[in-house]
file final-v9.txt (compact mmCIF, C-alpha atoms)
# COMPACT_ATOMS: atom_id res chain seq x y z
CA MET A 1 0.00 0.00 0.00
CA THR A 2 0.99 3.62 -0.53
CA ASP A 3 1.70 6.26 2.09
CA ALA A 4 -0.69 8.58 0.21
CA THR A 5 -3.17 10.43 2.40
CA LEU A 6 -6.44 12.23 1.79
CA ALA A 7 -5.82 15.98 1.85
CA ARG A 8 -8.60 18.32 2.91
CA VAL A 9 -9.84 21.71 1.72
CA PRO A 10 -7.68 22.56 -1.29
CA GLY A 11 -7.00 26.20 -1.96
CA PRO A 12 -6.93 28.27 -5.17
CA GLU A 13 -3.23 27.52 -5.48
CA ASP A 14 -4.08 23.82 -5.97
CA TYR A 15 -6.22 24.36 -9.06
CA ASP A 16 -3.43 24.28 -11.64
CA GLU A 17 -2.01 21.09 -10.15
CA ILE A 18 -5.48 19.50 -10.24
CA ALA A 19 -5.87 20.54 -13.89
CA GLU A 20 -2.51 18.99 -14.76
CA LEU A 21 -3.44 15.69 -13.12
CA ILE A 22 -6.77 15.58 -14.99
CA GLY A 23 -5.05 16.48 -18.26
CA ASP A 24 -2.49 13.71 -17.80
CA ALA A 25 -5.14 11.14 -16.87
CA PHE A 26 -7.30 11.91 -19.92
CA HIS A 27 -4.32 12.43 -22.25
CA SER A 28 -5.33 16.00 -22.99
CA PRO A 29 -2.57 18.49 -23.86
CA PRO A 30 -2.41 21.68 -21.74
CA ASP A 31 -4.76 24.41 -22.91
CA PRO A 32 -4.44 27.61 -20.82
CA GLU A 33 -7.62 29.12 -22.28
CA ALA A 34 -9.71 26.03 -21.53
CA ARG A 35 -8.22 25.82 -18.05
CA GLU A 36 -9.36 29.34 -17.24
CA VAL A 37 -12.84 28.63 -18.57
CA GLU A 38 -13.15 25.56 -16.34
CA ARG A 39 -11.88 27.51 -13.35
CA GLY A 40 -15.09 29.55 -13.56
CA VAL A 41 -17.29 26.58 -12.59
CA PHE A 42 -14.86 24.49 -10.54
CA GLU A 43 -15.85 24.14 -6.86
CA LEU A 44 -12.66 23.79 -4.83
CA GLU A 45 -14.62 23.26 -1.63
CA ARG A 46 -15.97 19.98 -3.08
CA ALA A 47 -12.63 18.68 -4.34
CA LEU A 48 -10.99 15.67 -2.71
CA LEU A 49 -7.23 15.31 -3.08
CA VAL A 50 -4.82 12.49 -2.35
CA ARG A 51 -1.19 13.44 -1.94
CA ASP A 52 1.89 11.25 -1.68
CA GLY A 53 5.02 12.98 -0.46
CA GLY A 54 3.45 16.32 -1.35
CA ALA A 55 2.60 15.32 -4.94
CA LEU A 56 -1.01 15.19 -6.05
CA VAL A 57 -1.76 11.61 -7.12
CA ALA A 58 -5.56 11.29 -7.08
CA HIS A 59 -8.56 13.56 -7.23
CA ALA A 60 -12.37 13.65 -7.36
CA ALA A 61 -14.78 16.56 -7.27
CA ALA A 62 -18.44 17.47 -7.71
CA TYR A 63 -20.51 20.36 -9.00
CA THR A 64 -23.54 21.66 -7.14
CA ARG A 65 -26.38 21.58 -9.66
CA ALA A 66 -29.97 20.39 -10.02
CA LEU A 67 -31.04 17.46 -12.18
CA SER A 68 -34.36 17.07 -13.96
CA VAL A 69 -36.00 13.75 -13.08
CA PRO A 70 -39.45 12.41 -13.97
CA GLY A 71 -41.90 15.11 -12.92
CA ALA A 72 -39.50 17.05 -10.71
CA THR A 73 -36.08 18.61 -10.24
CA VAL A 74 -33.73 17.40 -7.50
CA PRO A 75 -30.39 18.63 -6.16
CA ALA A 76 -27.72 16.28 -7.48
CA ALA A 77 -23.98 16.03 -6.94
CA HIS A 78 -22.50 16.18 -10.44
CA VAL A 79 -19.37 14.09 -9.92
CA THR A 80 -16.44 15.06 -12.12
CA ALA A 81 -12.68 15.12 -12.63
CA VAL A 82 -12.01 11.69 -11.14
CA ALA A 83 -8.43 10.65 -11.80
CA VAL A 84 -5.52 8.67 -10.38
CA ALA A 85 -1.94 9.21 -11.48
CA ALA A 86 -0.44 6.43 -13.61
CA THR A 87 2.18 5.84 -10.90
CA HIS A 88 -0.45 5.13 -8.24
CA ARG A 89 -2.93 2.80 -9.93
CA ARG A 90 -4.15 -0.37 -8.24
CA ARG A 91 -3.55 1.01 -4.74
CA GLY A 92 -7.15 1.57 -3.70
CA LEU A 93 -7.07 5.34 -4.13
CA LEU A 94 -10.16 5.48 -6.34
CA THR A 95 -12.08 3.38 -3.84
CA THR A 96 -11.00 5.70 -1.03
CA LEU A 97 -12.15 8.78 -2.94
CA MET A 98 -15.48 7.32 -4.03
CA ARG A 99 -16.38 6.00 -0.60
CA HIS A 100 -15.41 9.26 1.06
CA GLN A 101 -17.33 11.32 -1.46
CA LEU A 102 -20.50 9.23 -1.11
CA ARG A 103 -20.35 9.47 2.65
CA GLU A 104 -19.93 13.26 2.48
CA ILE A 105 -22.86 13.65 0.08
CA HIS A 106 -25.10 11.44 2.21
CA ASP A 107 -24.23 13.08 5.51
CA ALA A 108 -24.68 16.59 4.15
CA GLY A 109 -28.31 15.65 3.44
CA ARG A 110 -28.78 18.08 0.53
CA GLU A 111 -28.42 15.85 -2.53
CA PRO A 112 -30.35 12.56 -2.64
CA VAL A 113 -28.55 11.44 -5.82
CA ALA A 114 -25.19 11.76 -7.54
CA VAL A 115 -24.68 11.67 -11.31
CA LEU A 116 -21.64 11.30 -13.57
CA TRP A 117 -20.30 10.41 -17.02
CA ALA A 118 -18.07 7.34 -16.94
CA SER A 119 -14.83 7.16 -18.88
CA GLU A 120 -15.25 3.37 -18.74
CA GLY A 121 -18.51 1.65 -17.90
CA ARG A 122 -16.91 -0.98 -15.72
CA ILE A 123 -15.61 1.48 -13.12
CA TYR A 124 -18.59 2.92 -11.28
CA PRO A 125 -21.13 0.08 -10.82
CA ARG A 126 -18.98 -1.20 -7.97
CA PHE A 127 -19.74 2.05 -6.15
CA GLY A 128 -23.48 1.74 -6.72
CA TYR A 129 -23.85 3.82 -9.88
CA GLY A 130 -26.40 2.53 -12.40
CA LEU A 131 -26.72 3.37 -16.09
CA ALA A 132 -29.70 5.73 -16.04
CA ALA A 133 -29.58 7.36 -19.49
CA GLN A 134 -28.29 6.19 -22.83
CA ARG A 135 -27.59 8.37 -25.85
CA LEU A 136 -27.50 8.00 -29.60
CA THR A 137 -24.33 9.00 -31.36
CA MET A 138 -24.80 9.84 -35.02
CA ASP A 139 -22.09 9.87 -37.64
CA CYS A 140 -23.76 10.43 -40.99
CA ALA A 141 -21.22 9.97 -43.76
CA ALA A 142 -23.46 11.07 -46.65
CA THR A 143 -25.83 13.88 -45.74
CA THR A 144 -26.66 14.48 -49.40
CA GLU A 145 -28.37 11.08 -49.50
CA LEU A 146 -30.89 11.99 -46.79
CA ARG A 147 -34.26 13.63 -47.30
CA LEU A 148 -36.50 15.25 -44.70
CA PRO A 149 -40.16 16.25 -45.06
CA GLU A 150 -41.04 19.66 -46.38
CA PRO A 151 -42.29 21.99 -43.64
CA ALA A 152 -46.06 22.19 -43.37
CA SER A 153 -45.87 25.98 -43.09
CA ALA A 154 -43.32 28.77 -42.89
CA ALA A 155 -44.21 29.68 -39.32
CA GLY A 156 -40.72 30.74 -38.27
CA THR A 157 -37.40 32.14 -39.39
CA LEU A 158 -33.86 30.80 -39.21
CA ARG A 159 -30.68 32.81 -38.78
CA LEU A 160 -27.13 32.39 -37.56
CA ASP A 161 -25.93 34.15 -34.42
CA GLN A 162 -22.99 34.34 -32.05
CA PRO A 163 -23.46 32.27 -28.86
CA ALA A 164 -22.60 35.08 -26.44
CA ALA A 165 -24.99 37.47 -28.18
CA CYS A 166 -28.06 35.33 -27.48
CA GLN A 167 -27.07 33.68 -24.20
CA LEU A 168 -30.04 35.08 -22.27
CA GLU A 169 -32.50 33.88 -24.89
CA LEU A 170 -30.94 30.41 -25.02
CA ALA A 171 -31.09 30.20 -21.23
CA ARG A 172 -34.78 31.18 -21.12
CA LEU A 173 -35.72 28.54 -23.68
CA TYR A 174 -33.61 25.87 -22.00
CA ASP A 175 -35.09 26.64 -18.57
CA ARG A 176 -38.61 26.52 -20.00
CA LEU A 177 -38.07 23.06 -21.48
CA ARG A 178 -35.78 21.51 -18.85
CA PRO A 179 -38.46 20.41 -16.34
CA ASP A 180 -39.94 18.06 -18.94
CA ARG A 181 -36.65 16.38 -19.86
CA PRO A 182 -35.13 13.98 -17.30
CA GLY A 183 -31.35 14.15 -17.41
CA TRP A 184 -30.95 17.87 -18.14
CA SER A 185 -28.91 19.78 -15.57
CA SER A 186 -29.51 23.29 -14.29
CA ARG A 187 -27.39 26.06 -15.81
CA ASP A 188 -26.84 29.32 -13.98
CA GLU A 189 -24.95 32.19 -15.61
CA ARG A 190 -21.57 30.60 -14.79
CA TRP A 191 -22.59 27.37 -16.46
CA TRP A 192 -23.94 29.11 -19.54
CA ARG A 193 -20.62 30.91 -19.94
CA TYR A 194 -18.90 27.54 -19.66
CA VAL A 195 -21.25 25.73 -22.10
CA LEU A 196 -20.91 28.49 -24.68
CA SER A 197 -17.16 28.93 -24.26
CA ASP A 198 -15.13 28.02 -27.32
CA PRO A 199 -11.39 27.72 -26.63
CA ALA A 200 -9.52 27.74 -29.92
CA GLY A 201 -7.34 24.83 -28.83
CA GLN A 202 -10.37 22.56 -28.53
CA ARG A 203 -11.93 23.16 -31.95
CA GLY A 204 -10.10 20.27 -33.62
CA GLY A 205 -9.42 22.22 -36.78
CA ALA A 206 -13.03 23.35 -37.13
CA THR A 207 -14.56 26.81 -37.14
CA ALA A 208 -15.72 28.72 -34.09
CA ARG A 209 -19.04 27.55 -32.70
CA ARG A 210 -22.19 29.19 -34.08
CA VAL A 211 -25.83 29.28 -33.05
CA LEU A 212 -28.49 28.33 -35.57
CA ARG A 213 -31.62 29.84 -34.09
CA HIS A 214 -35.27 29.41 -35.00
CA ASP A 215 -37.66 32.20 -34.10
CA GLY A 216 -41.40 31.59 -34.04
CA PRO A 217 -44.25 34.03 -33.48
CA ASP A 218 -43.27 34.51 -29.83
CA GLY A 219 -39.50 34.62 -30.26
CA LEU A 220 -36.80 31.98 -29.96
CA ASP A 221 -38.29 28.47 -29.95
CA GLY A 222 -35.31 26.38 -31.04
CA TYR A 223 -31.55 26.45 -31.49
CA ALA A 224 -28.54 24.35 -32.38
CA LEU A 225 -24.93 24.84 -31.32
CA PHE A 226 -22.62 23.63 -34.09
CA ARG A 227 -19.40 24.18 -36.01
CA THR A 228 -18.09 23.12 -39.40
CA ALA A 229 -14.80 21.77 -40.68
CA GLN A 230 -13.62 21.93 -44.27
CA ASP A 231 -12.40 18.91 -46.21
CA TRP A 232 -11.86 18.18 -49.90
CA ASP A 233 -10.78 15.34 -52.12
CA ALA A 234 -10.41 14.85 -55.87
CA ALA A 235 -14.21 14.59 -56.21
CA GLY A 236 -14.85 17.92 -54.50
CA PRO A 237 -16.01 19.18 -51.10
CA LYS A 238 -16.71 16.83 -48.20
CA GLY A 239 -16.83 19.17 -45.21
CA GLN A 240 -18.24 18.15 -41.83
CA VAL A 241 -20.93 19.61 -39.59
CA ARG A 242 -20.29 18.95 -35.89
CA VAL A 243 -23.43 19.43 -33.81
CA ASP A 244 -23.09 19.93 -30.06
CA GLU A 245 -26.62 20.66 -28.89
CA VAL A 246 -30.14 20.86 -30.31
CA VAL A 247 -33.05 22.28 -28.30
CA ALA A 248 -36.50 22.81 -29.80
CA ALA A 249 -39.84 23.71 -28.29
CA THR A 250 -41.92 22.75 -31.34
CA PRO A 251 -41.82 20.11 -34.08
CA GLU A 252 -41.64 22.93 -36.63
CA ALA A 253 -38.50 24.41 -35.08
CA TYR A 254 -36.90 20.97 -34.76
CA LEU A 255 -37.53 20.09 -38.41
CA ALA A 256 -36.33 23.45 -39.69
CA ILE A 257 -33.10 23.25 -37.70
CA TRP A 258 -32.25 19.75 -38.88
CA ARG A 259 -33.14 20.49 -42.50
CA THR A 260 -30.53 23.25 -42.37
CA LEU A 261 -27.84 21.29 -40.53
CA LEU A 262 -28.10 18.42 -43.02
CA SER A 263 -27.85 20.66 -46.08
CA ILE A 264 -25.05 23.16 -45.42
CA ASP A 265 -23.16 23.89 -48.61
CA LEU A 266 -19.81 22.13 -49.17
CA THR A 267 -20.49 19.60 -46.37
CA ARG A 268 -21.15 15.90 -46.76
CA ARG A 269 -20.82 14.54 -43.22
CA LEU A 270 -22.57 15.29 -39.93
CA SER A 271 -21.73 14.14 -36.41
CA TYR A 272 -23.87 14.48 -33.30
CA PHE A 273 -22.91 12.63 -30.15
CA ARG A 274 -25.67 13.61 -27.72
CA GLY A 275 -28.82 12.41 -29.40
CA THR A 276 -31.60 10.83 -27.36
CA VAL A 277 -33.05 7.35 -27.53
CA ASP A 278 -36.33 8.91 -28.71
CA GLU A 279 -34.65 11.35 -31.13
CA PRO A 280 -37.33 12.52 -33.62
CA LEU A 281 -34.73 12.73 -36.39
CA LEU A 282 -34.86 8.94 -36.64
CA ARG A 283 -38.52 9.26 -37.68
CA LEU A 284 -38.02 12.19 -40.01
CA VAL A 285 -35.25 11.14 -42.39
CA ASP A 286 -36.14 8.87 -45.29
CA GLU A 287 -33.30 6.44 -44.54
CA PRO A 288 -32.48 6.31 -40.81
CA ARG A 289 -29.67 3.79 -41.35
CA ARG A 290 -27.69 6.56 -43.06
CA LEU A 291 -27.54 8.46 -39.77
CA GLY A 292 -25.01 5.93 -38.48
CA ALA A 293 -26.74 5.87 -35.08
CA GLN A 294 -25.18 3.89 -32.26
CA LEU A 295 -26.50 3.39 -28.73
CA VAL A 296 -23.98 4.06 -25.96
CA ASP A 297 -24.01 4.87 -22.26
CA ALA A 298 -24.39 8.43 -20.99
CA LEU A 299 -25.52 9.35 -17.46
CA TRP A 300 -24.85 7.12 -14.46
CA VAL A 301 -26.90 7.79 -11.32
CA ARG A 302 -26.12 6.83 -7.75
CA VAL A 303 -29.03 6.92 -5.30
CA VAL A 304 -27.42 8.32 -2.15
CA ASP A 305 -30.52 8.62 0.05
CA VAL A 306 -33.12 6.01 -0.91
CA PRO A 307 -36.25 7.43 0.76
CA ALA A 308 -35.49 11.03 -0.24
CA ALA A 309 -34.63 10.11 -3.83
CA LEU A 310 -37.61 7.85 -4.47
CA ALA A 311 -40.01 10.35 -2.91
CA ALA A 312 -38.58 13.25 -4.94
CA ARG A 313 -39.49 11.98 -8.42
CA ARG A 314 -42.94 11.33 -9.85
CA TYR A 315 -44.32 8.07 -11.25
CA ALA A 316 -46.17 7.48 -14.50
CA THR A 317 -48.93 5.42 -12.85
CA ALA A 318 -50.01 4.68 -9.32
CA VAL A 319 -47.56 2.51 -7.43
CA ASP A 320 -47.59 0.89 -4.00
CA VAL A 321 -44.76 -1.58 -3.54
CA VAL A 322 -42.33 -2.75 -0.88
CA ILE A 323 -38.75 -2.95 -2.15
CA GLU A 324 -35.89 -4.61 -0.32
CA VAL A 325 -32.69 -2.69 -1.09
CA ALA A 326 -29.07 -3.69 -0.53
CA ASP A 327 -26.37 -1.00 -0.26
CA PRO A 328 -23.03 -2.18 1.18
CA LEU A 329 -21.41 1.28 0.95
CA LEU A 330 -24.20 3.29 2.60
CA PRO A 331 -25.90 0.85 4.99
CA GLU A 332 -28.52 3.46 5.90
CA ASN A 333 -30.13 2.61 2.55
CA THR A 334 -30.25 -1.11 3.20
CA GLY A 335 -33.63 -2.50 4.23
CA ARG A 336 -37.25 -2.59 3.16
CA TRP A 337 -38.96 0.53 1.82
CA ARG A 338 -42.60 1.11 0.95
CA LEU A 339 -42.89 3.32 -2.10
CA THR A 340 -46.33 4.83 -2.61
CA GLY A 341 -46.98 7.41 -5.29
CA GLY A 342 -48.08 8.43 -8.75
CA PRO A 343 -48.05 11.41 -11.12
CA GLU A 344 -48.82 13.91 -8.34
CA GLY A 345 -46.25 12.88 -5.73
CA ALA A 346 -44.76 10.06 -3.72
CA THR A 347 -43.65 8.90 -0.29
CA CYS A 348 -41.01 6.34 0.62
CA LEU A 349 -40.86 5.04 4.18
CA ARG A 350 -38.99 2.28 5.97
CA THR A 351 -41.25 -0.68 6.72
CA ASP A 352 -41.34 -4.11 8.27
CA ASP A 353 -43.86 -5.33 5.68
CA ILE A 354 -42.97 -8.30 3.50
CA ALA A 355 -40.91 -7.28 0.48
CA GLU A 356 -42.41 -7.70 -2.99
CA LEU A 357 -39.30 -6.82 -5.02
CA ALA A 358 -35.59 -6.96 -4.17
CA CYS A 359 -32.63 -5.21 -5.80
CA ASP A 360 -29.38 -3.42 -5.05
CA VAL A 361 -28.93 0.34 -4.97
CA ARG A 362 -27.32 0.30 -8.40
CA CYS A 363 -30.60 -0.94 -9.86
CA LEU A 364 -32.46 2.01 -8.31
CA GLY A 365 -30.02 4.32 -10.10
CA GLU A 366 -30.81 2.65 -13.42
CA LEU A 367 -34.53 3.12 -12.83
CA TYR A 368 -34.33 6.65 -11.51
CA LEU A 369 -34.62 8.71 -14.71
CA GLY A 370 -37.29 6.50 -16.25
CA GLY A 371 -35.10 5.13 -19.02
CA ALA A 372 -34.72 1.53 -17.87
CA GLY A 373 -37.58 -0.95 -17.70
CA LEU A 374 -38.18 -2.76 -14.43
CA THR A 375 -39.06 -5.99 -16.23
CA ALA A 376 -35.96 -5.71 -18.42
CA LEU A 377 -33.79 -5.40 -15.33
CA ALA A 378 -35.56 -8.41 -13.85
CA ALA A 379 -34.86 -10.38 -17.01
CA ALA A 380 -31.19 -9.53 -16.56
CA GLY A 381 -31.30 -10.87 -12.99
CA ARG A 382 -30.95 -7.42 -11.48
CA VAL A 383 -34.38 -7.40 -9.78
CA ARG A 384 -35.99 -10.33 -7.99
CA GLU A 385 -39.75 -10.67 -7.86
CA LEU A 386 -40.70 -11.88 -4.37
CA ARG A 387 -44.45 -11.66 -4.85
CA PRO A 388 -45.95 -12.97 -8.09
CA GLY A 389 -47.37 -10.12 -10.13
CA ALA A 390 -45.33 -7.39 -8.41
CA LEU A 391 -43.23 -6.71 -11.51
CA ALA A 392 -46.23 -6.25 -13.79
CA ALA A 393 -47.96 -4.05 -11.23
CA ALA A 394 -45.03 -1.75 -10.45
CA GLY A 395 -43.18 -1.76 -13.79
CA PRO A 396 -45.18 0.89 -15.68
CA ALA A 397 -44.85 3.38 -12.82
CA PHE A 398 -41.07 3.66 -13.15
CA GLY A 399 -41.24 4.69 -16.82
CA TRP A 400 -41.88 8.19 -18.15
CA HIS A 401 -43.34 9.82 -21.25
CA ARG A 402 -39.94 11.27 -22.26
CA ALA A 403 -36.73 9.29 -22.48
CA PRO A 404 -33.90 10.69 -20.36
CA ALA A 405 -31.45 12.87 -22.25
CA ALA A 406 -27.79 13.65 -21.59
CA MET A 407 -27.41 17.24 -22.76
CA GLU A 408 -23.81 17.94 -21.76
CA VAL A 409 -20.61 16.36 -20.47
CA PHE A 410 -19.54 17.83 -17.16

call {"tool": "encode", "arguments": {"input": "final-v9.txt", "output": "structure tokens"}}
result
Amino acid sequence: MTDATLARVPGPEDYDEIAELIGDAFHSPPDPEAREVERGVFELERALLVRDGGALVAHAAAYTRALSVPGATVPAAHVTAVAVAATHRRRGLLTTLMRHQLREIHDAGREPVAVLWASEGRIYPRFGYGLAAQRLTMDCAATTELRLPEPASAAGTLRLDQPAACQLELARLYDRLRPDRPGWSSRDERWWRYVLSDPAGQRGGATARRVLRHDGPDGLDGYALFRTAQDWDAAGPKGQVRVDEVVAATPEAYLAIWRTLLSIDLTRRLSYFRGTVDEPLLRLVDEPRRLGAQLVDALWVRVVDVPAALAARRYATAVDVVIEVADPLLPENTGRWRLTGGPEGATCLRTDDIAELACDVRCLGELYLGGAGLTALAAAGRVRELRPGALAAAGPAFGWHRAPAAMEVF
């Protein structure tokens, strides 16, 4: 074992060292501009450091944000910047950080869940994180071969804009739509500056980011953040459109935005890595196979406080079920819980009643955003039915009318 110890309360002078460790771990070359942008949202008071002989060798942090869940918004620890130096792997440092962080989040009593993006899917299930939201990546190699429907009416206008110039409008639209989209995270002014930042060193040879905005009768009702990259061969142009984010309040705005993105002059390829499982584009194009869609993992959720988390979200149908939960890392969650609720609200209380379903806390994380089916998890051996009929009775309640969406990497 190492002599490394957990260091408390880092100061501003530690930020550059933290950034260097993260850059090394993720093989990202130093970018002073990007580092300063990230400093604007970084919360030093939530950083956990491990030092060995004075050198920083491991780190984990969290952002204080809210997460949209089915029918509600809950405070959620947005876990980020988890890294261990190459010299200190396989020494239990990650386990130390994750256990300590979970205990801190639980004992603070403010955030019933934690959420993260995983660099590798095998890492975080052992700490109770469950895959709560998947995403569709799209890599369309021949945009000229796709056709979309003609708009039913010309009810809006499209124009290009600079991100900073319309930040307030983007924020208003995003905040209006966010409550109905599980998986979207709150964005205050600091986070909007971060999301719209565009360090030159991170453009990958492409242009600066632009906003394609759609304005309807009442103002902005849709936008896309994107950039383009030129490319040519002997046959002519084959530039690329790289889409970062698409938000639309109406089907008309959504269709108009995608018709434009898929038909920009001198481009032949489009990539979009944050599509949703229920992405309407799949139903709009005449040949969905050409989108090159692939299903991959996105948000991982860890239920930190079982009764608070289950009572905070809403349920698609009425539910009254006793669940036996196992949580070896936070034993306060272990036991039997009666969940009673529906579309208007829910309660979750400890009980001595006979359990009808049994699962571990990771399974609750998978169910939490409404993207995983209870019966599908049971078929995978992740949920045990202890009372015949309990799965069929409770299963529909855990779903939701919108699939969870992973809007941004944090």

call {"tool": "residues_near_point", "arguments": {"input": "final-v9.txt", "point": "(-38.8, 37.7, -33.2)", "cutoff": "12 Å", "atoms": "all atoms listed in the file", "output": "PyMOL selection string"}}
result
chain A and resi 155-159+169+213-221

call {"tool": "residues_near_point", "arguments": {"input": "final-v9.txt", "point": "(-22.7, 8.9, -37.8)", "cutoff": "10 Å", "atoms": "only C-alpha atoms", "output": "ChimeraX atom specification"}}
result
/A:136-143,269-273,289-294

call {"tool": "closest_residue", "arguments": {"input": "final-v9.txt", "among": "A:Ala72, A:Leu261, A:Thr347, A:Leu102", "to": "Pro328 in chain A", "atoms": "all atoms listed in the file"}}
result
A:Leu102

call {"tool": "atom_distance", "arguments": {"input": "final-v9.txt", "atom1": "CA of Leu49 in chain A", "atom2": "CA of Ala7 in chain A"}}
result
5.2 Å

call {"tool": "residues_around", "arguments": {"input": "final-v9.txt", "residues": "Tyr15 in chain A", "least_positions_apart": "5", "cutoff": "9 Å", "atoms": "all atoms listed in the file", "output": "PyMOL selection string"}}
result
chain A and resi 10+20+39+42+44

call {"tool": "atom_distance", "arguments": {"input": "final-v9.txt", "atom1": "CA of Val361 in chain A", "atom2": "CA of Ala25 in chain A"}}
result
28.7 Å

call {"tool": "residues_around", "arguments": {"input": "final-v9.txt", "residues": "Tyr254 in chain A", "least_positions_apart": "4", "cutoff": "10 Å", "atoms": "all atoms listed in the file", "output": "list in words"}}
result
His214, Asp221, Gly222, Tyr223, Ala224, Val246, Val247, Ala248, Ala249, Thr250, Trp258, Arg259, Pro280 and Leu281 of chain A

call {"tool": "closest_residue", "arguments": {"input": "final-v9.txt", "among": "A:Val243, A:Val304, A:Leu97, A:Ala164", "to": "Tyr194 in chain A", "atoms": "all atoms listed in the file"}}
result
A:Ala164

call {"tool": "build_atoms", "arguments": {"input": "final-v9.txt", "residues": "range 329-344 of chain A", "atoms": "N, CA and C atoms", "output": "CSV table (one decimal), keeping the file's coordinate frame"}}
result
chain,number,residue,atom,x,y,z
A,329,LEU,N,-22.2,0.1,0.7
A,329,LEU,CA,-21.4,1.3,1.0
A,329,LEU,C,-22.1,2.3,1.8
A,330,LEU,N,-23.4,2.4,1.7
A,330,LEU,CA,-24.2,3.3,2.6
A,330,LEU,C,-25.3,2.4,3.3
A,331,PRO,N,-25.0,1.8,4.4
A,331,PRO,CA,-25.9,0.8,5.0
A,331,PRO,C,-27.2,1.5,5.4
A,332,GLU,N,-27.3,2.8,5.6
A,332,GLU,CA,-28.5,3.5,5.9
A,332,GLU,C,-29.6,3.2,4.8
A,333,ASN,N,-29.2,2.9,3.6
A,333,ASN,CA,-30.1,2.6,2.6
A,333,ASN,C,-30.6,1.2,2.5
A,334,THR,N,-29.9,0.3,3.2
A,334,THR,CA,-30.2,-1.1,3.2
A,334,THR,C,-31.5,-1.4,4.0
A,335,GLY,N,-32.4,-2.2,3.5
A,335,GLY,CA,-33.6,-2.5,4.2
A,335,GLY,C,-34.8,-2.5,3.3
A,336,ARG,N,-36.0,-2.6,3.9
A,336,ARG,CA,-37.2,-2.6,3.2
A,336,ARG,C,-37.9,-1.2,3.2
A,337,TRP,N,-38.4,-0.8,2.0
A,337,TRP,CA,-39.0,0.5,1.8
A,337,TRP,C,-40.3,0.4,1.1
A,338,ARG,N,-41.3,1.1,1.6
A,338,ARG,CA,-42.6,1.1,1.0
A,338,ARG,C,-42.7,2.4,0.1
A,339,LEU,N,-42.7,2.2,-1.2
A,339,LEU,CA,-42.9,3.3,-2.1
A,339,LEU,C,-44.4,3.4,-2.5
A,340,THR,N,-44.9,4.6,-2.2
A,340,THR,CA,-46.3,4.8,-2.6
A,340,THR,C,-46.4,6.1,-3.4
A,341,GLY,N,-47.0,6.2,-4.6
A,341,GLY,CA,-47.0,7.4,-5.3
A,341,GLY,C,-47.7,7.3,-6.6
A,342,GLY,N,-47.5,8.4,-7.4
A,342,GLY,CA,-48.1,8.4,-8.8
A,342,GLY,C,-47.7,9.7,-9.4
A,343,PRO,N,-48.4,10.2,-10.4
A,343,PRO,CA,-48.0,11.4,-11.1
A,343,PRO,C,-48.0,12.7,-10.3
A,344,GLU,N,-48.7,12.7,-9.2
A,344,GLU,CA,-48.8,13.9,-8.3
A,344,GLU,C,-47.8,14.0,-7.2
